[in-house]
Structure formats: C-alpha cells, structure tokens
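*Asks:* Contents of structure34.pdb (PDB, N, CA and C atoms, pLDDT in the B column):
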ATOM      1  N   MET A 651     197.281  85.159  56.663  1.00 92.00           N
ATOM      2  CA  MET A 651     196.785  86.471  57.032  1.00 92.00           C
ATOM      3  C   MET A 651     196.918  87.385  55.820  1.00 92.00           C
ATOM      4  N   THR A 652     195.853  88.055  55.492  1.00 95.00           N
ATOM      5  CA  THR A 652     195.878  88.993  54.373  1.00 95.00           C
ATOM      6  C   THR A 652     196.408  90.340  54.840  1.00 95.00           C
ATOM      7  N   ILE A 653     196.715  91.182  53.887  1.00 96.00           N
ATOM      8  CA  ILE A 653     197.166  92.534  54.228  1.00 96.00           C
ATOM      9  C   ILE A 653     196.060  93.284  54.956  1.00 96.00           C
ATOM     10  N   ALA A 654     194.823  93.109  54.519  1.00 96.00           N
ATOM     11  CA  ALA A 654     193.694  93.794  55.167  1.00 96.00           C
ATOM     12  C   ALA A 654     193.527  93.334  56.619  1.00 96.00           C
ATOM     13  N   GLU A 655     193.692  92.033  56.839  1.00 97.00           N
ATOM     14  CA  GLU A 655     193.600  91.513  58.211  1.00 97.00           C
ATOM     15  C   GLU A 655     194.731  92.054  59.078  1.00 97.00           C
ATOM     16  N   TRP A 656     195.934  92.063  58.512  1.00 97.00           N
ATOM     17  CA  TRP A 656     197.080  92.594  59.252  1.00 97.00           C
ATOM     18  C   TRP A 656     196.872  94.068  59.576  1.00 97.00           C
ATOM     19  N   LEU A 657     196.398  94.820  58.597  1.00 98.00           N
ATOM     20  CA  LEU A 657     196.191  96.254  58.791  1.00 98.00           C
ATOM     21  C   LEU A 657     195.170  96.524  59.879  1.00 98.00           C
ATOM     22  N   ALA A 658     194.083  95.794  59.875  1.00 98.00           N
ATOM     23  CA  ALA A 658     193.057  95.980  60.910  1.00 98.00           C
ATOM     24  C   ALA A 658     193.630  95.681  62.300  1.00 98.00           C
ATOM     25  N   ALA A 659     194.406  94.602  62.407  1.00 98.00           N
ATOM     26  CA  ALA A 659     195.004  94.250  63.697  1.00 98.00           C
ATOM     27  C   ALA A 659     196.032  95.287  64.124  1.00 98.00           C
ATOM     28  N   ALA A 660     196.846  95.759  63.189  1.00 98.00           N
ATOM     29  CA  ALA A 660     197.875  96.748  63.505  1.00 98.00           C
ATOM     30  C   ALA A 660     197.251  98.074  63.927  1.00 98.00           C
ATOM     31  N   LYS A 661     196.179  98.477  63.260  1.00 98.00           N
ATOM     32  CA  LYS A 661     195.489  99.717  63.640  1.00 98.00           C
ATOM     33  C   LYS A 661     194.872  99.597  65.030  1.00 98.00           C
ATOM     34  N   ALA A 662     194.246  98.464  65.294  1.00 98.00           N
ATOM     35  CA  ALA A 662     193.654  98.251  66.616  1.00 98.00           C
ATOM     36  C   ALA A 662     194.735  98.274  67.691  1.00 98.00           C
ATOM     37  N   ASP A 663     195.880  97.683  67.405  1.00 98.00           N
ATOM     38  CA  ASP A 663     196.983  97.679  68.363  1.00 98.00           C
ATOM     39  C   ASP A 663     197.508  99.094  68.599  1.00 98.00           C
ATOM     40  N   ALA A 664     197.626  99.863  67.539  1.00 98.00           N
ATOM     41  CA  ALA A 664     198.085 101.249  67.679  1.00 98.00           C
ATOM     42  C   ALA A 664     197.114 102.060  68.538  1.00 98.00           C
ATOM     43  N   GLU A 665     195.831 101.862  68.309  1.00 98.00           N
ATOM     44  CA  GLU A 665     194.820 102.565  69.119  1.00 98.00           C
ATOM     45  C   GLU A 665     194.899 102.131  70.580  1.00 98.00           C
ATOM     46  N   THR A 666     195.032 100.833  70.808  1.00 98.00           N
ATOM     47  CA  THR A 666     195.105 100.292  72.168  1.00 98.00           C
ATOM     48  C   THR A 666     196.312 100.856  72.912  1.00 98.00           C
ATOM     49  N   ARG A 667     197.400 101.030  72.203  1.00 98.00           N
ATOM     50  CA  ARG A 667     198.629 101.538  72.818  1.00 98.00           C
ATOM     51  C   ARG A 667     198.665 103.065  72.891  1.00 98.00           C
ATOM     52  N   GLY A 668     197.602 103.708  72.435  1.00 98.00           N
ATOM     53  CA  GLY A 668     197.554 105.167  72.479  1.00 98.00           C
ATOM     54  C   GLY A 668     198.486 105.831  71.477  1.00 98.00           C
ATOM     55  N   MET A 669     198.635 105.201  70.304  1.00 98.00           N
ATOM     56  CA  MET A 669     199.529 105.723  69.274  1.00 98.00           C
ATOM     57  C   MET A 669     198.779 105.927  67.957  1.00 98.00           C
ATOM     58  N   PRO A 670     197.752 106.767  67.953  1.00 96.00           N
ATOM     59  CA  PRO A 670     196.955 106.948  66.728  1.00 96.00           C
ATOM     60  C   PRO A 670     197.748 107.566  65.582  1.00 96.00           C
ATOM     61  N   GLU A 671     198.871 108.200  65.883  1.00 97.00           N
ATOM     62  CA  GLU A 671     199.683 108.802  64.821  1.00 97.00           C
ATOM     63  C   GLU A 671     200.303 107.743  63.903  1.00 97.00           C
ATOM     64  N   LEU A 672     200.323 106.494  64.329  1.00 97.00           N
ATOM     65  CA  LEU A 672     200.863 105.418  63.500  1.00 97.00           C
ATOM     66  C   LEU A 672     199.910 104.979  62.393  1.00 97.00           C
ATOM     67  N   ILE A 673     198.652 105.289  62.532  1.00 97.00           N
ATOM     68  CA  ILE A 673     197.644 104.770  61.604  1.00 97.00           C
ATOM     69  C   ILE A 673     197.907 105.186  60.159  1.00 97.00           C
ATOM     70  N   SER A 674     198.264 106.433  59.926  1.00 97.00           N
ATOM     71  CA  SER A 674     198.524 106.863  58.545  1.00 97.00           C
ATOM     72  C   SER A 674     199.758 106.160  57.984  1.00 97.00           C
ATOM     73  N   MET A 675     200.758 105.920  58.829  1.00 98.00           N
ATOM     74  CA  MET A 675     201.950 105.192  58.373  1.00 98.00           C
ATOM     75  C   MET A 675     201.615 103.732  58.076  1.00 98.00           C
ATOM     76  N   LEU A 676     200.774 103.131  58.898  1.00 98.00           N
ATOM     77  CA  LEU A 676     200.353 101.753  58.655  1.00 98.00           C
ATOM     78  C   LEU A 676     199.568 101.650  57.354  1.00 98.00           C
ATOM     79  N   ASP A 677     198.706 102.627  57.097  1.00 98.00           N
ATOM     80  CA  ASP A 677     197.966 102.649  55.829  1.00 98.00           C
ATOM     81  C   ASP A 677     198.930 102.710  54.646  1.00 98.00           C
ATOM     82  N   GLY A 678     199.943 103.568  54.746  1.00 97.00           N
ATOM     83  CA  GLY A 678     200.938 103.687  53.679  1.00 97.00           C
ATOM     84  C   GLY A 678     201.721 102.410  53.478  1.00 97.00           C
ATOM     85  N   LEU A 679     202.094 101.771  54.575  1.00 97.00           N
ATOM     86  CA  LEU A 679     202.836 100.510  54.485  1.00 97.00           C
ATOM     87  C   LEU A 679     201.982  99.428  53.832  1.00 97.00           C
ATOM     88  N   ALA A 680     200.738  99.348  54.210  1.00 97.00           N
ATOM     89  CA  ALA A 680     199.837  98.350  53.618  1.00 97.00           C
ATOM     90  C   ALA A 680     199.650  98.607  52.129  1.00 97.00           C
ATOM     91  N   GLN A 681     199.491  99.872  51.761  1.00 97.00           N
ATOM     92  CA  GLN A 681     199.310 100.224  50.356  1.00 97.00           C
ATOM     93  C   GLN A 681     200.566  99.891  49.546  1.00 97.00           C
ATOM     94  N   ALA A 682     201.735 100.206  50.082  1.00 96.00           N
ATOM     95  CA  ALA A 682     202.986  99.904  49.388  1.00 96.00           C
ATOM     96  C   ALA A 682     203.181  98.393  49.255  1.00 96.00           C
ATOM     97  N   THR A 683     202.843  97.653  50.290  1.00 95.00           N
ATOM     98  CA  THR A 683     202.982  96.200  50.250  1.00 95.00           C
ATOM     99  C   THR A 683     202.070  95.602  49.185  1.00 95.00           C
ATOM    100  N   GLU A 684     200.838  96.087  49.110  1.00 95.00           N
ATOM    101  CA  GLU A 684     199.907  95.603  48.080  1.00 95.00           C
ATOM    102  C   GLU A 684     200.453  95.880  46.691  1.00 95.00           C
ATOM    103  N   ARG A 685     200.995  97.065  46.484  1.00 93.00           N
ATOM    104  CA  ARG A 685     201.523  97.421  45.163  1.00 93.00           C
ATOM    105  C   ARG A 685     202.742  96.577  44.804  1.00 93.00           C
ATOM    106  N   LEU A 686     203.623  96.352  45.772  1.00 91.00           N
ATOM    107  CA  LEU A 686     204.796  95.527  45.501  1.00 91.00           C
ATOM    108  C   LEU A 686     204.409  94.085  45.175  1.00 91.00           C
ATOM    109  N   ARG A 687     203.459  93.562  45.897  1.00 89.00           N
ATOM    110  CA  ARG A 687     203.030  92.179  45.641  1.00 89.00           C
ATOM    111  C   ARG A 687     202.324  92.044  44.302  1.00 89.00           C
ATOM    112  N   ALA A 688     201.670  93.103  43.853  1.00 88.00           N
ATOM    113  CA  ALA A 688     200.949  93.063  42.583  1.00 88.00           C
ATOM    114  C   ALA A 688     201.854  93.370  41.387  1.00 88.00           C
ATOM    115  N   ALA A 689     203.024  93.923  41.630  1.00 84.00           N
ATOM    116  CA  ALA A 689     203.923  94.323  40.546  1.00 84.00           C
ATOM    117  C   ALA A 689     204.446  93.111  39.790  1.00 84.00           C
ATOM    118  N   ASP A 690     204.767  93.335  38.525  1.00 77.00           N
ATOM    119  CA  ASP A 690     205.278  92.241  37.702  1.00 77.00           C
ATOM    120  C   ASP A 690     206.800  92.297  37.567  1.00 77.00           C
ATOM    121  N   TRP A 691     207.471  92.991  38.453  1.00 73.00           N
ATOM    122  CA  TRP A 691     208.926  93.115  38.352  1.00 73.00           C
ATOM    123  C   TRP A 691     209.651  91.799  38.599  1.00 73.00           C
ATOM    124  N   ASN A 692     208.969  90.791  39.126  1.00 62.00           N
ATOM    125  CA  ASN A 692     209.580  89.480  39.303  1.00 62.00           C
ATOM    126  C   ASN A 692     209.445  88.610  38.060  1.00 62.00           C
ATOM    127  N   ASP A 693     208.661  89.049  37.105  1.00 65.00           N
ATOM    128  CA  ASP A 693     208.482  88.267  35.888  1.00 65.00           C
ATOM    129  C   ASP A 693     209.755  88.293  35.058  1.00 65.00           C
ATOM    130  N   ASN A 694     210.083  87.168  34.440  1.00 65.00           N
ATOM    131  CA  ASN A 694     211.257  87.065  33.591  1.00 65.00           C
ATOM    132  C   ASN A 694     210.936  87.705  32.242  1.00 65.00           C
ATOM    133  N   PRO A 695     211.666  88.765  31.848  1.00 66.00           N
ATOM    134  CA  PRO A 695     211.365  89.423  30.575  1.00 66.00           C
ATOM    135  C   PRO A 695     211.765  88.569  29.376  1.00 66.00           C
ATOM    136  N   ASP A 696     212.658  87.607  29.578  1.00 68.00           N
ATOM    137  CA  ASP A 696     213.093  86.731  28.504  1.00 68.00           C
ATOM    138  C   ASP A 696     212.223  85.477  28.510  1.00 68.00           C
ATOM    139  N   LYS A 697     211.179  85.475  27.735  1.00 66.00           N
ATOM    140  CA  LYS A 697     210.223  84.363  27.723  1.00 66.00           C
ATOM    141  C   LYS A 697     210.838  83.093  27.137  1.00 66.00           C
ATOM    142  N   ASP A 698     211.950  83.213  26.398  1.00 69.00           N
ATOM    143  CA  ASP A 698     212.585  82.032  25.816  1.00 69.00           C
ATOM    144  C   ASP A 698     213.442  81.273  26.834  1.00 69.00           C
ATOM    145  N   THR A 699     213.769  81.915  27.948  1.00 64.00           N
ATOM    146  CA  THR A 699     214.576  81.277  28.992  1.00 64.00           C
ATOM    147  C   THR A 699     213.818  81.371  30.305  1.00 64.00           C
ATOM    148  N   PRO A 700     212.983  80.392  30.587  1.00 60.00           N
ATOM    149  CA  PRO A 700     212.200  80.443  31.830  1.00 60.00           C
ATOM    150  C   PRO A 700     213.112  80.428  33.051  1.00 60.00           C
ATOM    151  N   PHE A 701     212.677  81.091  34.095  1.00 58.00           N
ATOM    152  CA  PHE A 701     213.462  81.194  35.315  1.00 58.00           C
ATOM    153  C   PHE A 701     213.755  79.822  35.908  1.00 58.00           C
ATOM    154  N   GLU A 702     212.820  78.888  35.766  1.00 60.00           N
ATOM    155  CA  GLU A 702     212.992  77.562  36.349  1.00 60.00           C
ATOM    156  C   GLU A 702     214.213  76.842  35.780  1.00 60.00           C
ATOM    157  N   SER A 703     214.666  77.249  34.603  1.00 51.00           N
ATOM    158  CA  SER A 703     215.808  76.562  34.002  1.00 51.00           C
ATOM    159  C   SER A 703     217.129  76.976  34.640  1.00 51.00           C
ATOM    160  N   VAL A 704     217.127  78.049  35.407  1.00 51.00           N
ATOM    161  CA  VAL A 704     218.344  78.498  36.076  1.00 51.00           C
ATOM    162  C   VAL A 704     218.492  77.719  37.374  1.00 51.00           C
ATOM    163  N   ASP A 705     219.634  77.099  37.548  1.00 53.00           N
ATOM    164  CA  ASP A 705     219.896  76.309  38.749  1.00 53.00           C
ATOM    165  C   ASP A 705     220.366  77.238  39.864  1.00 53.00           C
ATOM    166  N   ALA A 706     219.735  77.179  41.011  1.00 52.00           N
ATOM    167  CA  ALA A 706     220.096  78.036  42.138  1.00 52.00           C
ATOM    168  C   ALA A 706     221.536  77.812  42.563  1.00 52.00           C
ATOM    169  N   VAL A 707     222.029  76.605  42.393  1.00 50.00           N
ATOM    170  CA  VAL A 707     223.418  76.314  42.753  1.00 50.00           C
ATOM    171  C   VAL A 707     224.354  77.092  41.846  1.00 50.00           C
ATOM    172  N   ASP A 708     224.025  77.172  40.558  1.00 52.00           N
ATOM    173  CA  ASP A 708     224.850  77.932  39.620  1.00 52.00           C
ATOM    174  C   ASP A 708     224.905  79.402  40.021  1.00 52.00           C
ATOM    175  N   LEU A 709     223.783  79.949  40.449  1.00 52.00           N
ATOM    176  CA  LEU A 709     223.749  81.345  40.868  1.00 52.00           C
ATOM    177  C   LEU A 709     224.607  81.557  42.104  1.00 52.00           C
ATOM    178  N   ALA A 710     224.553  80.637  43.045  1.00 51.00           N
ATOM    179  CA  ALA A 710     225.315  80.770  44.280  1.00 51.00           C
ATOM    180  C   ALA A 710     226.812  80.681  44.031  1.00 51.00           C
ATOM    181  N   GLN A 711     227.228  79.950  43.014  1.00 53.00           N
ATOM    182  CA  GLN A 711     228.657  79.788  42.737  1.00 53.00           C
ATOM    183  C   GLN A 711     229.293  81.084  42.258  1.00 53.00           C
ATOM    184  N   ASP A 712     228.512  81.980  41.694  1.00 54.00           N
ATOM    185  CA  ASP A 712     229.037  83.250  41.202  1.00 54.00           C
ATOM    186  C   ASP A 712     229.202  84.290  42.296  1.00 54.00           C
ATOM    187  N   ARG A 713     228.713  84.017  43.479  1.00 53.00           N
ATOM    188  CA  ARG A 713     228.796  84.968  44.581  1.00 53.00           C
ATOM    189  C   ARG A 713     230.023  84.683  45.446  1.00 53.00           C
ATOM    190  N   PRO A 714     230.696  85.753  45.911  1.00 56.00           N
ATOM    191  CA  PRO A 714     231.803  85.516  46.836  1.00 56.00           C
ATOM    192  C   PRO A 714     231.295  85.026  48.180  1.00 56.00           C
ATOM    193  N   ASP A 715     232.086  84.207  48.829  1.00 55.00           N
ATOM    194  CA  ASP A 715     231.725  83.739  50.156  1.00 55.00           C
ATOM    195  C   ASP A 715     231.723  84.905  51.123  1.00 55.00           C
ATOM    196  N   GLU A 716     230.837  84.859  52.111  1.00 55.00           N
ATOM    197  CA  GLU A 716     230.786  85.917  53.110  1.00 55.00           C
ATOM    198  C   GLU A 716     232.088  85.981  53.895  1.00 55.00           C
ATOM    199  N   ASP A 717     232.771  84.833  54.050  1.00 55.00           N
ATOM    200  CA  ASP A 717     234.027  84.787  54.802  1.00 55.00           C
ATOM    201  C   ASP A 717     235.152  85.485  54.048  1.00 55.00           C
ATOM    202  N   ASP A 718     235.026  85.567  52.704  1.00 53.00           N
ATOM    203  CA  ASP A 718     236.073  86.177  51.879  1.00 53.00           C
ATOM    204  C   ASP A 718     236.030  87.694  51.918  1.00 53.00           C
ATOM    205  N   GLN A 719     234.968  88.265  52.424  1.00 50.00           N
ATOM    206  CA  GLN A 719     234.832  89.725  52.390  1.00 50.00           C
ATOM    207  C   GLN A 719     235.441  90.374  53.586  1.00 50.00           C
TER     208      GLN A 719
END
Represent the supplied structure as structure tokens.
*Replies:*
Amino acid sequence: MTIAEWLAAAKADAETRGMPELISMLDGLAQATERLRAADWNDNPDKDTPFESVDAVDLAQDRPDEDDQ
C-alpha cells in the first residue's frame, strides 16, 4: 500500500465516520511520512565503513539488558 492509497482510504474513513476535521491532520501525516521516507538521514556518512560490515550482534552487546534497568 502506498502513502497515497493509505491517505485516500483514511480520508474516506474519516468522512464516513463524520470526522472531516481529521482530513487536514491526515494530509500532514502523509506529507511528513513521505518526507521522512525520502530523507537520507539513514545513509552512512562514513563511506569507508559500510553499514553492512557492522554486526548486529556486536551492537546488541553494548546495550544494557532490559532486566538490568
């Protein structure tokens, strides 16, 4: 499902439920979601160390256990 498809369905649902005041908020949410998905903030700025070389297990070992908190 694309953002546009979701937005159309969400707007129709808001209208059906008699909540037209939600439409502007849904538009804002869809716009923010599109911008976040298009952003390059997930790109690794260090091109010499690709993200794939980092082992997820190594990252998890540096975190405290939830039981320890």
*Asks:* What does the PyMOL selection byres (((chain A and resi 673 and name CA) around 12) and name CA) select in this file, as a short mmCIF file (atom, residue, chain, number, x, y, z; two decimals) with N, CA and C atoms, in the coordinates of the input?
*Replies:*
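Okay, this is what ended up in selection31.cif:
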data_model
loop_
_atom_site.label_atom_id
_atom_site.label_comp_id
_atom_site.auth_asym_id
_atom_site.auth_seq_id
_atom_site.Cartn_x
_atom_site.Cartn_y
_atom_site.Cartn_z
N LEU A 657 196.40 94.82 58.60
CA LEU A 657 196.19 96.25 58.79
C LEU A 657 195.17 96.52 59.88
N ALA A 658 194.08 95.79 59.88
CA ALA A 658 193.06 95.98 60.91
C ALA A 658 193.63 95.68 62.30
N ALA A 659 194.41 94.60 62.41
CA ALA A 659 195.00 94.25 63.70
C ALA A 659 196.03 95.29 64.12
N ALA A 660 196.85 95.76 63.19
CA ALA A 660 197.88 96.75 63.50
C ALA A 660 197.25 98.07 63.93
N LYS A 661 196.18 98.48 63.26
CA LYS A 661 195.49 99.72 63.64
C LYS A 661 194.87 99.60 65.03
N ALA A 662 194.25 98.46 65.29
CA ALA A 662 193.65 98.25 66.62
C ALA A 662 194.74 98.27 67.69
N ASP A 663 195.88 97.68 67.40
CA ASP A 663 196.98 97.68 68.36
C ASP A 663 197.51 99.09 68.60
N ALA A 664 197.63 99.86 67.54
CA ALA A 664 198.08 101.25 67.68
C ALA A 664 197.11 102.06 68.54
N GLU A 665 195.83 101.86 68.31
CA GLU A 665 194.82 102.56 69.12
C GLU A 665 194.90 102.13 70.58
N THR A 666 195.03 100.83 70.81
CA THR A 666 195.10 100.29 72.17
C THR A 666 196.31 100.86 72.91
N ARG A 667 197.40 101.03 72.20
CA ARG A 667 198.63 101.54 72.82
C ARG A 667 198.66 103.06 72.89
N GLY A 668 197.60 103.71 72.44
CA GLY A 668 197.55 105.17 72.48
C GLY A 668 198.49 105.83 71.48
N MET A 669 198.64 105.20 70.30
CA MET A 669 199.53 105.72 69.27
C MET A 669 198.78 105.93 67.96
N PRO A 670 197.75 106.77 67.95
CA PRO A 670 196.96 106.95 66.73
C PRO A 670 197.75 107.57 65.58
N GLU A 671 198.87 108.20 65.88
CA GLU A 671 199.68 108.80 64.82
C GLU A 671 200.30 107.74 63.90
N LEU A 672 200.32 106.49 64.33
CA LEU A 672 200.86 105.42 63.50
C LEU A 672 199.91 104.98 62.39
N SER A 674 198.26 106.43 59.93
CA SER A 674 198.52 106.86 58.54
C SER A 674 199.76 106.16 57.98
N MET A 675 200.76 105.92 58.83
CA MET A 675 201.95 105.19 58.37
C MET A 675 201.62 103.73 58.08
N LEU A 676 200.77 103.13 58.90
CA LEU A 676 200.35 101.75 58.66
C LEU A 676 199.57 101.65 57.35
N ASP A 677 198.71 102.63 57.10
CA ASP A 677 197.97 102.65 55.83
C ASP A 677 198.93 102.71 54.65
N GLY A 678 199.94 103.57 54.75
CA GLY A 678 200.94 103.69 53.68
C GLY A 678 201.72 102.41 53.48
N LEU A 679 202.09 101.77 54.58
CA LEU A 679 202.84 100.51 54.48
C LEU A 679 201.98 99.43 53.83
N ALA A 680 200.74 99.35 54.21
CA ALA A 680 199.84 98.35 53.62
C ALA A 680 199.65 98.61 52.13
#
*Asks:* What are the centre and the three edge lengths of an axis-aligned box that wraps all atoms of stretch 683-687 of chain A in the file, given that 8 Å is added to every side, written as AutoDock Vina command-line options and rounded to one decimal in Å?
*Replies:*
--center_x 202.4 --center_y 94.8 --center_z 47.3 --size_x 20.9 --size_y 21.6 --size_z 22.0
*Asks:* Any idea what the distance is between atom C of A:Gln681 and atom C of A:Trp656?
*Replies:* 12.2 Å
*Asks:* Rounded to one decimal in Å, what is the spacing between atom CA of A:Asp690 and atom CA of A:Glu655?
*Replies:* 23.6 Å
*Asks:* One number please: atom CA of A:Glu684 to atom C of A:Ile653, in Å, one decimal.
*Replies:*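 One can read the atom CA of A:Glu684 to atom C of A:Ile653 distance as 8.2 Å.
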